[in-house]
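*Asks:* Take a look at run.txt, compact mmCIF, C-alpha atoms:
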# COMPACT_ATOMS: atom_id res chain seq x y z
CA MET A 1 -140.97 -70.26 13.11
CA ALA A 2 -143.11 -72.76 15.01
CA ASP A 3 -140.57 -72.85 17.82
CA LEU A 4 -140.74 -69.09 18.36
CA VAL A 5 -143.34 -67.66 20.68
CA GLN A 6 -143.24 -63.93 21.27
CA LEU A 7 -143.15 -62.92 24.91
CA ARG A 8 -143.35 -59.18 24.72
CA ARG A 9 -143.68 -56.60 21.98
CA SER A 10 -143.24 -52.88 22.57
CA GLY A 11 -142.25 -51.75 19.10
CA ALA A 12 -138.80 -50.82 17.88
CA PRO A 13 -136.63 -48.93 20.39
CA GLN A 14 -136.70 -45.18 20.00
CA PRO A 15 -133.45 -43.36 19.17
CA PRO A 16 -132.00 -40.82 21.58
CA GLU A 17 -133.77 -37.48 21.53
CA THR A 18 -131.59 -35.13 19.55
CA THR A 19 -132.13 -32.04 17.50
CA GLN A 20 -131.70 -32.26 13.75
CA ALA A 21 -128.04 -31.70 12.95
CA ASP A 22 -127.26 -28.61 10.91
CA PRO A 23 -125.85 -29.90 7.59
CA SER A 24 -123.49 -26.93 7.52
CA ALA A 25 -122.06 -27.77 10.98
CA PRO A 26 -118.51 -29.14 11.12
CA ALA A 27 -118.49 -32.92 10.78
CA VAL A 28 -116.83 -35.38 13.16
CA TYR A 29 -115.93 -38.98 12.45
CA LEU A 30 -115.34 -40.98 15.64
CA GLU A 31 -113.82 -44.47 15.73
CA THR A 32 -113.49 -46.58 18.87
CA PHE A 33 -110.87 -49.13 19.89
CA GLY A 34 -110.89 -51.21 23.05
CA CYS A 35 -113.32 -52.16 25.76
CA GLN A 36 -116.93 -51.41 26.60
CA MET A 37 -115.76 -48.53 28.78
CA ASN A 38 -114.31 -46.96 25.64
CA ALA A 39 -117.55 -47.52 23.75
CA ALA A 40 -119.45 -45.78 26.56
CA ASP A 41 -116.93 -42.93 26.53
CA SER A 42 -117.33 -42.55 22.77
CA ALA A 43 -121.07 -42.11 23.29
CA LEU A 44 -120.27 -39.44 25.88
CA ILE A 45 -117.89 -37.69 23.47
CA SER A 46 -120.54 -37.78 20.72
CA GLY A 47 -123.11 -36.26 23.02
CA GLN A 48 -120.78 -33.44 24.07
CA LEU A 49 -119.75 -32.69 20.49
CA GLY A 50 -123.39 -32.63 19.42
CA ARG A 51 -124.19 -30.11 22.13
CA GLY A 52 -121.13 -28.14 21.03
CA GLY A 53 -122.40 -27.66 17.49
CA TYR A 54 -120.81 -30.61 15.69
CA ARG A 55 -122.54 -33.29 13.62
CA ALA A 56 -121.55 -36.95 13.35
CA VAL A 57 -120.69 -38.65 10.05
CA GLN A 58 -120.04 -42.31 9.28
CA ASP A 59 -117.46 -41.73 6.54
CA PRO A 60 -114.06 -40.23 7.42
CA ALA A 61 -113.90 -38.75 3.91
CA GLU A 62 -116.75 -36.40 4.91
CA ALA A 63 -115.17 -35.28 8.18
CA ASP A 64 -113.66 -32.00 9.28
CA VAL A 65 -112.47 -33.73 12.45
CA ILE A 66 -111.38 -37.35 12.92
CA LEU A 67 -111.13 -38.69 16.47
CA ILE A 68 -109.85 -42.12 17.47
CA ASN A 69 -110.87 -43.21 20.96
CA THR A 70 -108.02 -45.44 22.04
CA CYS A 71 -107.02 -48.30 24.31
CA ALA A 72 -103.62 -48.74 25.98
CA ILE A 73 -104.15 -52.05 27.73
CA ARG A 74 -101.92 -53.96 25.30
CA GLU A 75 -99.17 -53.03 22.87
CA LYS A 76 -101.06 -54.56 19.95
CA ALA A 77 -103.96 -52.17 20.50
CA GLU A 78 -101.60 -49.19 20.39
CA ASP A 79 -99.97 -50.45 17.20
CA ARG A 80 -103.38 -50.69 15.57
CA VAL A 81 -104.15 -47.09 16.50
CA TRP A 82 -100.88 -45.78 15.08
CA GLY A 83 -101.56 -47.67 11.89
CA ARG A 84 -105.13 -46.45 11.67
CA THR A 85 -104.30 -42.78 12.21
CA SER A 86 -101.66 -42.95 9.47
CA GLN A 87 -104.26 -44.47 7.13
CA LEU A 88 -106.73 -41.72 7.90
CA LEU A 89 -104.12 -39.07 7.14
CA LYS A 90 -104.83 -39.58 3.43
CA HIS A 91 -108.06 -37.59 3.84
CA ARG A 92 -106.01 -34.46 4.45
CA ALA A 93 -105.17 -34.44 0.72
CA ASP A 94 -108.78 -33.40 0.03
CA ASN A 95 -109.19 -31.38 3.22
CA PRO A 96 -105.94 -29.64 4.27
CA ASP A 97 -107.64 -28.28 7.41
CA LEU A 98 -108.65 -31.75 8.62
CA VAL A 99 -108.03 -32.20 12.36
CA ILE A 100 -106.92 -35.66 13.52
CA GLY A 101 -107.02 -36.36 17.24
CA ILE A 102 -106.78 -39.22 19.71
CA THR A 103 -108.72 -39.56 22.93
CA GLY A 104 -108.78 -42.13 25.72
CA CYS A 105 -106.21 -44.22 27.56
CA MET A 106 -103.54 -44.23 24.86
CA ALA A 107 -103.75 -40.45 24.67
CA GLU A 108 -102.91 -40.17 28.36
CA HIS A 109 -100.32 -42.93 28.28
CA LEU A 110 -98.32 -41.65 25.29
CA LYS A 111 -98.92 -37.92 25.53
CA ASP A 112 -95.21 -37.14 25.38
CA LYS A 113 -94.56 -39.38 22.34
CA VAL A 114 -97.35 -38.25 20.01
CA ALA A 115 -95.51 -35.23 18.62
CA ALA A 116 -92.52 -37.35 17.61
CA ARG A 117 -94.41 -40.46 16.47
CA ALA A 118 -97.36 -38.77 14.74
CA PRO A 119 -96.87 -35.00 14.30
CA TYR A 120 -100.06 -34.84 12.21
CA ILE A 121 -102.12 -35.46 15.37
CA SER A 122 -103.14 -32.04 16.69
CA LEU A 123 -105.47 -33.06 19.52
CA VAL A 124 -104.69 -35.37 22.45
CA ALA A 125 -107.46 -35.69 25.03
CA GLY A 126 -107.41 -38.03 28.03
CA PRO A 127 -110.37 -39.84 29.66
CA ASP A 128 -111.13 -36.99 32.08
CA SER A 129 -111.29 -34.19 29.48
CA TYR A 130 -114.50 -35.09 27.67
CA ARG A 131 -116.66 -32.53 29.42
CA SER A 132 -114.80 -29.87 27.41
CA ILE A 133 -114.14 -31.93 24.26
CA ALA A 134 -116.06 -29.54 21.98
CA GLU A 135 -113.94 -26.63 23.17
CA LEU A 136 -110.75 -28.66 22.68
CA VAL A 137 -111.79 -29.53 19.13
CA ASP A 138 -112.59 -25.85 18.47
CA ARG A 139 -109.07 -24.93 19.52
CA ALA A 140 -107.51 -27.62 17.34
CA ARG A 141 -109.54 -26.43 14.36
CA GLY A 142 -108.19 -22.97 15.05
CA GLY A 143 -104.66 -24.20 14.44
CA GLU A 144 -103.62 -24.91 18.02
CA SER A 145 -101.88 -28.11 19.09
CA VAL A 146 -104.04 -29.22 22.01
CA VAL A 147 -103.08 -31.62 24.79
CA ASP A 148 -105.38 -32.15 27.79
CA VAL A 149 -104.66 -35.35 29.69
CA LYS A 150 -104.98 -34.19 33.29
CA LEU A 151 -106.56 -36.80 35.54
CA ASP A 152 -109.41 -35.53 37.70
CA LYS A 153 -110.11 -37.27 41.02
CA GLU A 154 -113.72 -36.04 40.97
CA GLU A 155 -114.85 -36.30 37.35
CA VAL A 156 -117.59 -38.89 36.75
CA TYR A 157 -119.52 -36.91 34.10
CA ASP A 158 -122.66 -36.34 36.15
CA GLU A 159 -125.75 -35.18 34.24
CA LEU A 160 -124.22 -35.60 30.78
CA ASP A 161 -126.29 -37.82 28.52
CA PRO A 162 -124.35 -39.76 25.88
CA HIS A 163 -125.39 -40.15 22.27
CA ALA A 164 -124.74 -43.78 21.47
CA ASP A 165 -124.44 -45.25 18.00
CA ASP A 166 -125.68 -48.68 19.10
CA ASP A 167 -128.54 -51.11 18.52
CA GLY A 168 -131.00 -49.17 20.69
CA VAL A 169 -131.66 -52.34 22.69
CA SER A 170 -128.68 -52.76 25.05
CA GLY A 171 -127.11 -49.63 26.54
CA PHE A 172 -124.12 -48.87 28.74
CA VAL A 173 -124.35 -47.12 32.11
CA THR A 174 -120.99 -46.22 33.64
CA ILE A 175 -121.16 -46.53 37.43
CA GLN A 176 -117.48 -46.28 38.28
CA ARG A 177 -114.34 -44.75 36.79
CA GLY A 178 -110.70 -45.51 37.50
CA CYS A 179 -109.14 -48.35 39.46
CA ASP A 180 -107.37 -48.79 42.80
CA LYS A 181 -106.07 -52.35 42.34
CA PHE A 182 -102.69 -51.58 40.73
CA CYS A 183 -102.11 -55.05 39.31
CA THR A 184 -98.46 -55.06 38.34
CA PHE A 185 -99.12 -55.50 34.60
CA CYS A 186 -101.96 -52.99 34.19
CA VAL A 187 -101.92 -49.37 32.98
CA VAL A 188 -105.51 -48.52 33.93
CA PRO A 189 -104.81 -46.79 37.27
CA TYR A 190 -102.24 -44.63 35.48
CA THR A 191 -104.39 -43.80 32.43
CA ARG A 192 -107.83 -43.52 34.08
CA GLY A 193 -106.89 -42.49 37.60
CA ARG A 194 -108.09 -43.68 40.96
CA GLU A 195 -111.41 -45.35 41.60
CA ARG A 196 -114.49 -43.19 42.10
CA GLY A 197 -118.15 -44.16 42.01
CA VAL A 198 -120.93 -42.34 40.20
CA ALA A 199 -123.68 -41.17 42.54
CA PRO A 200 -126.60 -43.64 42.68
CA ARG A 201 -129.07 -40.91 41.68
CA GLU A 202 -127.06 -40.33 38.49
CA VAL A 203 -126.82 -44.06 37.72
CA LEU A 204 -130.58 -44.40 38.12
CA ARG A 205 -131.27 -41.25 36.08
CA HIS A 206 -129.13 -42.56 33.22
CA ALA A 207 -130.78 -46.00 33.33
CA ARG A 208 -134.25 -44.42 33.33
CA VAL A 209 -133.31 -42.31 30.31
CA LEU A 210 -132.35 -45.49 28.47
CA ALA A 211 -135.61 -47.15 29.49
CA GLU A 212 -137.60 -44.16 28.25
CA ARG A 213 -135.80 -44.42 24.90
CA GLY A 214 -136.85 -48.04 24.53
CA TYR A 215 -133.71 -49.86 25.64
CA LYS A 216 -134.45 -53.25 27.17
CA GLU A 217 -131.06 -54.06 28.66
CA VAL A 218 -128.52 -52.05 30.61
CA VAL A 219 -124.89 -53.01 31.13
CA LEU A 220 -123.35 -51.48 34.27
CA LEU A 221 -119.72 -50.61 33.61
CA GLY A 222 -116.67 -50.15 35.79
CA GLN A 223 -113.02 -51.14 35.69
CA THR A 224 -113.76 -53.28 38.76
CA VAL A 225 -117.51 -52.82 38.73
CA ASN A 226 -118.35 -54.80 41.86
CA SER A 227 -115.93 -52.68 43.89
CA TYR A 228 -118.46 -49.86 43.52
CA VAL A 229 -119.24 -47.83 46.60
CA TYR A 230 -120.76 -44.40 47.00
CA GLU A 231 -121.20 -43.25 50.60
CA ASP A 232 -123.29 -46.07 52.13
CA VAL A 233 -124.39 -47.66 48.83
CA ASP A 234 -122.48 -50.73 47.66
CA PHE A 235 -122.73 -52.63 44.38
CA ALA A 236 -125.28 -55.16 45.64
CA ALA A 237 -127.64 -52.36 46.74
CA LEU A 238 -127.18 -50.48 43.47
CA LEU A 239 -127.79 -53.61 41.40
CA LYS A 240 -131.01 -54.33 43.26
CA THR A 241 -132.23 -50.76 42.83
CA VAL A 242 -131.53 -50.65 39.09
CA ALA A 243 -133.60 -53.81 38.77
CA GLN A 244 -136.67 -51.88 39.95
CA ILE A 245 -136.70 -49.61 36.89
CA ASP A 246 -139.74 -50.20 34.71
CA GLY A 247 -138.95 -51.03 31.10
CA ILE A 248 -135.55 -52.55 31.77
CA GLU A 249 -135.81 -56.30 31.23
CA ARG A 250 -132.20 -57.35 31.66
CA ILE A 251 -129.16 -56.20 33.62
CA ARG A 252 -125.54 -57.16 33.04
CA PHE A 253 -122.34 -55.84 34.58
CA THR A 254 -118.67 -55.90 33.67
CA SER A 255 -115.99 -56.43 34.72
CA PRO A 256 -116.16 -57.63 38.31
CA TYR A 257 -113.01 -58.21 40.33
CA PRO A 258 -112.80 -61.65 42.03
CA VAL A 259 -111.73 -60.27 45.42
CA ASP A 260 -114.77 -57.98 45.66
CA PHE A 261 -117.42 -60.51 44.65
CA SER A 262 -119.34 -60.41 47.93
CA PRO A 263 -121.98 -62.91 49.10
CA ARG A 264 -124.53 -60.05 48.87
CA VAL A 265 -123.84 -59.60 45.15
CA ILE A 266 -124.18 -63.34 44.59
CA GLU A 267 -127.47 -63.27 46.49
CA VAL A 268 -128.84 -60.49 44.29
CA MET A 269 -127.81 -62.44 41.18
CA ALA A 270 -129.59 -65.51 42.55
CA THR A 271 -132.83 -63.74 43.53
CA GLU A 272 -133.31 -60.90 41.03
CA PRO A 273 -134.71 -62.26 37.73
CA LYS A 274 -133.56 -59.26 35.70
CA VAL A 275 -129.88 -59.87 36.50
CA CYS A 276 -128.53 -62.16 33.78
CA PRO A 277 -126.90 -65.49 34.70
CA GLN A 278 -123.61 -64.48 33.15
CA VAL A 279 -120.35 -63.22 34.62
CA HIS A 280 -117.05 -62.12 33.11
CA LEU A 281 -114.55 -63.05 35.82
CA PRO A 282 -110.88 -62.41 34.93
CA LEU A 283 -108.55 -65.18 36.11
CA GLN A 284 -105.37 -64.04 34.24
CA SER A 285 -103.34 -67.07 35.40
CA GLY A 286 -103.89 -70.43 37.07
CA SER A 287 -100.53 -70.28 38.84
CA ASP A 288 -100.36 -68.99 42.41
CA VAL A 289 -96.82 -67.79 41.74
CA MET A 290 -97.98 -65.69 38.81
CA LEU A 291 -101.11 -64.42 40.62
CA GLN A 292 -98.92 -63.22 43.48
CA SER A 293 -96.46 -61.59 41.09
CA MET A 294 -99.38 -59.89 39.33
CA ARG A 295 -100.74 -58.73 42.71
CA ARG A 296 -104.18 -60.01 41.90
CA GLY A 297 -105.11 -60.47 45.55
CA TYR A 298 -106.49 -64.00 45.30
CA SER A 299 -105.15 -67.52 44.94
CA ARG A 300 -106.08 -70.13 42.37
CA GLN A 301 -108.17 -71.99 44.97
CA GLN A 302 -109.96 -68.85 46.12
CA PHE A 303 -110.92 -68.16 42.50
CA ILE A 304 -112.19 -71.72 42.03
CA ASP A 305 -114.13 -71.54 45.29
CA LEU A 306 -115.77 -68.32 44.07
CA VAL A 307 -116.75 -70.00 40.80
CA GLY A 308 -118.28 -72.83 42.84
CA ALA A 309 -120.30 -70.41 44.96
CA LEU A 310 -121.54 -68.59 41.87
CA ARG A 311 -122.55 -71.78 40.07
CA GLU A 312 -124.31 -73.13 43.14
CA ALA A 313 -126.33 -69.93 43.56
CA VAL A 314 -127.00 -69.23 39.88
CA PRO A 315 -128.01 -72.30 37.86
CA HIS A 316 -126.92 -72.37 34.21
CA LEU A 317 -124.39 -69.60 34.85
CA ALA A 318 -122.24 -68.69 31.84
CA LEU A 319 -118.70 -67.74 32.74
CA SER A 320 -116.14 -65.87 30.64
CA THR A 321 -112.65 -64.77 31.63
CA ASP A 322 -109.35 -63.09 30.71
CA LEU A 323 -106.22 -65.23 30.40
CA MET A 324 -102.68 -63.91 30.03
CA VAL A 325 -99.64 -65.95 29.00
CA GLY A 326 -95.98 -65.06 29.17
CA PHE A 327 -96.01 -62.76 32.19
CA CYS A 328 -92.64 -61.95 33.73
CA GLY A 329 -90.96 -65.09 35.08
CA GLU A 330 -93.68 -67.49 33.87
CA THR A 331 -92.32 -71.05 33.68
CA ASP A 332 -93.58 -74.12 31.88
CA GLU A 333 -95.08 -75.26 35.19
CA ASP A 334 -96.90 -71.95 35.65
CA HIS A 335 -98.32 -72.33 32.14
CA ALA A 336 -99.38 -75.91 32.92
CA GLN A 337 -101.21 -74.59 35.99
CA THR A 338 -103.18 -72.17 33.81
CA LEU A 339 -104.23 -75.00 31.48
CA SER A 340 -105.14 -77.10 34.54
CA ALA A 341 -107.30 -74.29 35.96
CA MET A 342 -109.05 -73.93 32.60
CA ARG A 343 -109.88 -77.63 32.62
CA GLU A 344 -111.18 -77.42 36.18
CA VAL A 345 -113.36 -74.35 35.63
CA ARG A 346 -114.32 -74.87 31.94
CA PHE A 347 -115.03 -71.27 30.97
CA ASP A 348 -117.71 -70.73 28.34
CA SER A 349 -115.53 -68.16 26.57
CA ALA A 350 -112.34 -66.19 27.13
CA PHE A 351 -110.25 -63.24 26.01
CA MET A 352 -106.70 -64.57 25.63
CA PHE A 353 -103.52 -62.61 25.04
CA LYS A 354 -99.77 -62.41 25.49
CA TYR A 355 -98.25 -60.15 28.12
CA SER A 356 -96.76 -56.95 26.73
CA ASP A 357 -94.67 -54.37 28.56
CA ARG A 358 -96.69 -51.17 28.97
CA GLY A 359 -93.82 -48.89 30.01
CA ILE A 360 -95.28 -47.28 33.14
CA THR A 361 -96.48 -50.25 35.19
CA TYR A 362 -94.79 -51.85 38.18
CA ALA A 363 -93.94 -54.89 36.03
CA SER A 364 -92.26 -52.65 33.47
CA ARG A 365 -90.23 -50.84 36.11
CA LYS A 366 -89.38 -53.67 38.51
CA LEU A 367 -89.78 -57.01 36.73
CA VAL A 368 -88.11 -58.56 33.69
CA ASP A 369 -90.08 -59.41 30.56
CA ASP A 370 -88.06 -62.60 30.14
CA VAL A 371 -90.38 -65.01 28.33
CA PRO A 372 -89.24 -65.20 24.69
CA PRO A 373 -91.81 -64.12 22.07
CA GLU A 374 -91.88 -67.55 20.45
CA VAL A 375 -92.64 -69.16 23.83
CA LYS A 376 -95.42 -66.65 24.47
CA GLY A 377 -96.85 -67.49 21.07
CA ALA A 378 -96.76 -71.23 21.68
CA ARG A 379 -98.40 -70.86 25.10
CA LEU A 380 -101.11 -68.63 23.66
CA ARG A 381 -101.87 -71.26 21.02
CA ASP A 382 -102.20 -73.87 23.79
CA VAL A 383 -104.67 -71.68 25.67
CA ILE A 384 -106.69 -70.83 22.55
CA GLU A 385 -106.90 -74.48 21.48
CA LEU A 386 -108.13 -75.61 24.89
CA GLN A 387 -110.62 -72.78 25.17
CA GLU A 388 -112.01 -73.57 21.71
CA GLU A 389 -112.81 -77.07 23.00
CA HIS A 390 -114.61 -75.65 26.02
CA THR A 391 -116.48 -73.01 24.01
CA HIS A 392 -117.73 -75.58 21.51
CA ALA A 393 -118.81 -77.86 24.36
CA SER A 394 -120.65 -74.94 25.98
CA HIS A 395 -122.53 -74.24 22.76
CA ASN A 396 -123.35 -77.90 22.15
CA ALA A 397 -124.79 -78.12 25.68
CA GLN A 398 -127.34 -75.43 24.75
CA VAL A 399 -128.87 -77.49 21.92
CA GLY A 400 -132.42 -78.53 22.78
CA LYS A 401 -132.85 -75.84 25.43
CA THR A 402 -135.48 -73.10 25.17
CA VAL A 403 -134.24 -69.60 26.01
CA ASP A 404 -135.62 -66.08 26.19
CA ALA A 405 -133.82 -64.36 23.32
CA LEU A 406 -133.60 -60.57 23.17
CA ILE A 407 -133.61 -59.45 19.54
CA LEU A 408 -130.81 -57.01 18.71
CA GLY A 409 -131.22 -56.61 14.95
CA THR A 410 -130.00 -58.37 11.82
CA SER A 411 -126.86 -60.49 11.57
CA LYS A 412 -123.80 -59.14 9.76
CA ARG A 413 -124.53 -61.30 6.73
CA GLY A 414 -128.09 -59.99 6.65
CA ASP A 415 -129.62 -63.47 6.43
CA LYS A 416 -130.59 -63.99 10.08
CA THR A 417 -132.17 -62.17 13.00
CA LEU A 418 -129.54 -61.61 15.71
CA ALA A 419 -130.56 -62.09 19.32
CA CYS A 420 -128.92 -62.67 22.68
CA ALA A 421 -129.70 -65.28 25.33
CA PRO A 422 -129.57 -64.39 29.04
CA THR A 423 -126.24 -66.25 29.19
CA TYR A 424 -124.87 -63.82 26.54
CA HIS A 425 -124.73 -66.53 23.90
CA LYS A 426 -125.51 -65.05 20.49
CA VAL A 427 -128.60 -66.61 18.93
CA LEU A 428 -129.34 -66.60 15.18
CA LEU A 429 -133.05 -66.76 14.34
CA PRO A 430 -134.87 -66.75 11.00
CA LEU A 431 -135.41 -63.37 9.39
CA GLY A 432 -138.68 -61.86 10.54
CA ALA A 433 -138.56 -63.49 13.97
CA GLY A 434 -139.26 -60.11 15.57
CA GLU A 435 -138.21 -56.52 15.93
CA PRO A 436 -135.24 -55.13 17.90
CA GLY A 437 -136.20 -55.06 21.56
CA ASP A 438 -138.60 -58.00 21.34
CA LEU A 439 -138.17 -60.96 23.66
CA VAL A 440 -138.95 -64.29 22.03
CA ARG A 441 -138.91 -67.88 23.20
CA ALA A 442 -136.37 -69.72 21.08
CA THR A 443 -135.52 -73.43 21.04
CA ILE A 444 -131.86 -73.96 20.22
CA SER A 445 -131.51 -76.36 17.30
CA GLY A 446 -127.78 -76.21 16.58
CA THR A 447 -124.57 -74.20 16.71
CA THR A 448 -122.09 -72.64 14.34
CA GLY A 449 -119.38 -73.13 16.96
CA HIS A 450 -119.53 -69.52 18.11
CA SER A 451 -123.26 -68.73 17.82
CA LEU A 452 -126.41 -70.67 18.56
CA LEU A 453 -129.03 -71.47 15.92
CA ALA A 454 -132.79 -71.50 16.53
CA LEU A 455 -135.43 -72.64 14.08
Show how you would write the structure in this file as structure tokens.
*Replies:*
Amino acid sequence: MADLVQLRRSGAPQPPETTQADPSAPAVYLETFGCQMNAADSALISGQLGRGGYRAVQDPAEADVILINTCAIREKAEDRVWGRTSQLLKHRADNPDLVIGITGCMAEHLKDKVAARAPYISLVAGPDSYRSIAELVDRARGGESVVDVKLDKEEVYDELDPHADDDGVSGFVTIQRGCDKFCTFCVVPYTRGRERGVAPREVLRHARVLAERGYKEVVLLGQTVNSYVYEDVDFAALLKTVAQIDGIERIRFTSPYPVDFSPRVIEVMATEPKVCPQVHLPLQSGSDVMLQSMRRGYSRQQFIDLVGALREAVPHLALSTDLMVGFCGETDEDHAQTLSAMREVRFDSAFMFKYSDRGITYASRKLVDDVPPEVKGARLRDVIELQEEHTHASHNAQVGKTVDALILGTSKRGDKTLACAPTYHKVLLPLGAGEPGDLVRATISGTTGHSLLAL
């Protein structure tokens, strides 16, 4: 404990202001798959259901309604959802009136297949239907088979406060919905619609609500978050304004798109202390041939030049990425180029996956998924092995450094205090190092390989 010096103590974060749930109200169990956007949407769904007279439960066995908020970005995610909904069907033996529904991107993507694949699902609600989710659930509980997956070019859920089941320290603020990039492999523009920004006043209102509730960090969310624009306000201006909110100590954002990473955004990152020195910057492939086929809009060298500009402006920057193997037409040389780019950039961490045909994308309609599964698997193992080397090296480089660690709570094992460094490295401190929301000075003494240790 001698290496820990508390910087700031404001007490434990306060939970969202909600009325006491009526124990006789119908109970909803909500489970979330996928990205941070889905987690933010689940909080929105929970808030709307609470206002509609429903109460949340943590055990599906207690539920009158089970909702799975889904992801459609990869086939594996969809398979997990199908498997999970079939598992949850067992609860209908004790509650014949149990409603099982799916929300989110998979709901929109597979709306026409649900009845045949899973006839026990009686509610299908897409990402733009959450404003009326309580009404949709009411109808499903009344015996109706409900499908609402219409995309809305205007819906950004203004003035609706979410009810998040999170740590009360770091909260999501959605600033943009949809996407206009239409990368050839991606379903997002089809499942979430076209890009539209949330009004700055609403972004600031939401962030202030989180600050008033005791949150110390906000994460600005968008499918291509740095593409944000609303009238004459761009992402750099919004980022700088959010940083002026009292009570918010840290700001993160995800996921930026390489093409739209402007010098103004880099300048704000370099000059605004609240903006964390961490960026998730999806590369996807190190091959120019693949990047062009994916319609990513940048070359390998342009990406590397951007990384150089970011690292020059923001010392000690931590960089994570997305890497895809086995895209249509990918050759051994293309794969070698991805490994080469990884060695040149040396990402601190990465999300790595095999390409899967999503049915409605340009790649599905116009390209051939011609890389054999066993080759995709071998290439993924190559990428994972190399990234493990880089991740371990990144963690080892932190040993001996002193960081400002934001305490989130207790580790999963219950034997450590869990905190987060500005670089988004997880830090494990001794129990009793502080309360959630505290900032402490922590000297890194070692690493588990995926988390940092502090005495």
*Asks:* With distances taken over all atoms listed in the file, which residue among A:Val65, A:Ala405, A:Ala433, A:Ala118 lies nearest Arg141 of chain A?
*Replies:*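 Selected residue with least distance to Arg141 of chain A: A:Val65.
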*Asks:* Rounded to one decimal, what separation in Å do you get between atom CA of Arg139 of chain A and atom CA of Ala56 of chain A?
*Replies:*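 It comes out at 18.4 Å.
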*Asks:* List as a PDB file with C-alpha atoms, in the coordinates of the input the protein and nucleic acid residues near Cys276 of chain A, meaning an atom at most 9 Å away when all atoms listed in the file are counted, but skip any in the same chain fewer than 4 places from it.
*Replies:*
ATOM      1  CA  ARG A 250    -132.200 -57.350  31.660  1.00  0.00           C
ATOM      2  CA  ILE A 251    -129.160 -56.200  33.620  1.00  0.00           C
ATOM      3  CA  ARG A 252    -125.540 -57.160  33.040  1.00  0.00           C
ATOM      4  CA  PHE A 253    -122.340 -55.840  34.580  1.00  0.00           C
ATOM      5  CA  MET A 269    -127.810 -62.440  41.180  1.00  0.00           C
ATOM      6  CA  GLU A 272    -133.310 -60.900  41.030  1.00  0.00           C
ATOM      7  CA  LEU A 317    -124.390 -69.600  34.850  1.00  0.00           C
ATOM      8  CA  PRO A 422    -129.570 -64.390  29.040  1.00  0.00           C
ATOM      9  CA  THR A 423    -126.240 -66.250  29.190  1.00  0.00           C
ATOM     10  CA  TYR A 424    -124.870 -63.820  26.540  1.00  0.00           C
TER      11      TYR A 424
END
*Asks:* Out of A:Ile68, A:Leu339, A:Val114, A:Val371, which residue has the shortest atom-to-atom distance to Ile102 of chain A when counting only C-alpha atoms?
*Replies:*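 Among the listed residues, A:Ile68 lies closest to Ile102 of chain A.
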*Asks:* Just the number, please: distance in Å from atom CA of Gly101 of chain A to atom CA of Ser364 of chain A, one decimal.
*Replies:*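 These two atoms are separated by 27.3 Å.
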*Asks:* Quote the spacing between atom CA of His335 of chain A and atom CA of Ala378 of chain A in Å to one decimal place.
*Replies:*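 The value is 10.6 Å.
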*Asks:* Neighbouring residues of Val399 of chain A were defined as those with any atom within 7 Å, considering all atoms listed in the file; residues of the same chain fewer than 4 positions away were excluded. Please report them as a PDB file with C-alpha atoms, in the frame of the given file.
*Replies:*
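Okay, around-v3.pdb is ready:
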ATOM      1  CA  ILE A 444    -131.860 -73.960  20.220  1.00  0.00           C
ATOM      2  CA  SER A 445    -131.510 -76.360  17.300  1.00  0.00           C
ATOM      3  CA  GLY A 446    -127.780 -76.210  16.580  1.00  0.00           C
TER       4      GLY A 446
END
*Asks:* Given only C-alpha atoms as the basis, pick out the residue of A:Cys71, A:Val137, A:Ile407, A:Val325 nearest to Pro373 of chain A.
*Replies:*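 Nearest to Pro373 of chain A: A:Val325.
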*Asks:* Identify, on the basis of all atoms listed in the file, every residue whose closest approach to Ala25 of chain A does not exceed 10 Å; exclude the query and any residue fewer than 5 positions from it along the same chain; express the result as an MDAnalysis selection string.
*Replies:* chainID A and resid 50 53:56 64
*Asks:* Write out the residues from the selection above, keeping C-alpha atoms, as a PDB file, in the frame of the given file.
*Replies:*
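Okay, part_6.pdb is ready:
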ATOM      1  CA  GLY A  50    -123.390 -32.630  19.420  1.00  0.00           C
ATOM      2  CA  GLY A  53    -122.400 -27.660  17.490  1.00  0.00           C
ATOM      3  CA  TYR A  54    -120.810 -30.610  15.690  1.00  0.00           C
ATOM      4  CA  ARG A  55    -122.540 -33.290  13.620  1.00  0.00           C
ATOM      5  CA  ALA A  56    -121.550 -36.950  13.350  1.00  0.00           C
ATOM      6  CA  ASP A  64    -113.660 -32.000   9.280  1.00  0.00           C
TER       7      ASP A  64
END
*Asks:* When you look at Arg196 of chain A with a cut-off of 10 Å (counting all atoms listed in the file), what residues show up, excluding the ones that are within fewer than 2 positions of it in the same chain? I need them as a ChimeraX atom specification.
*Replies:* /A:153-156,175-180,193-194,198-199,222,227-230
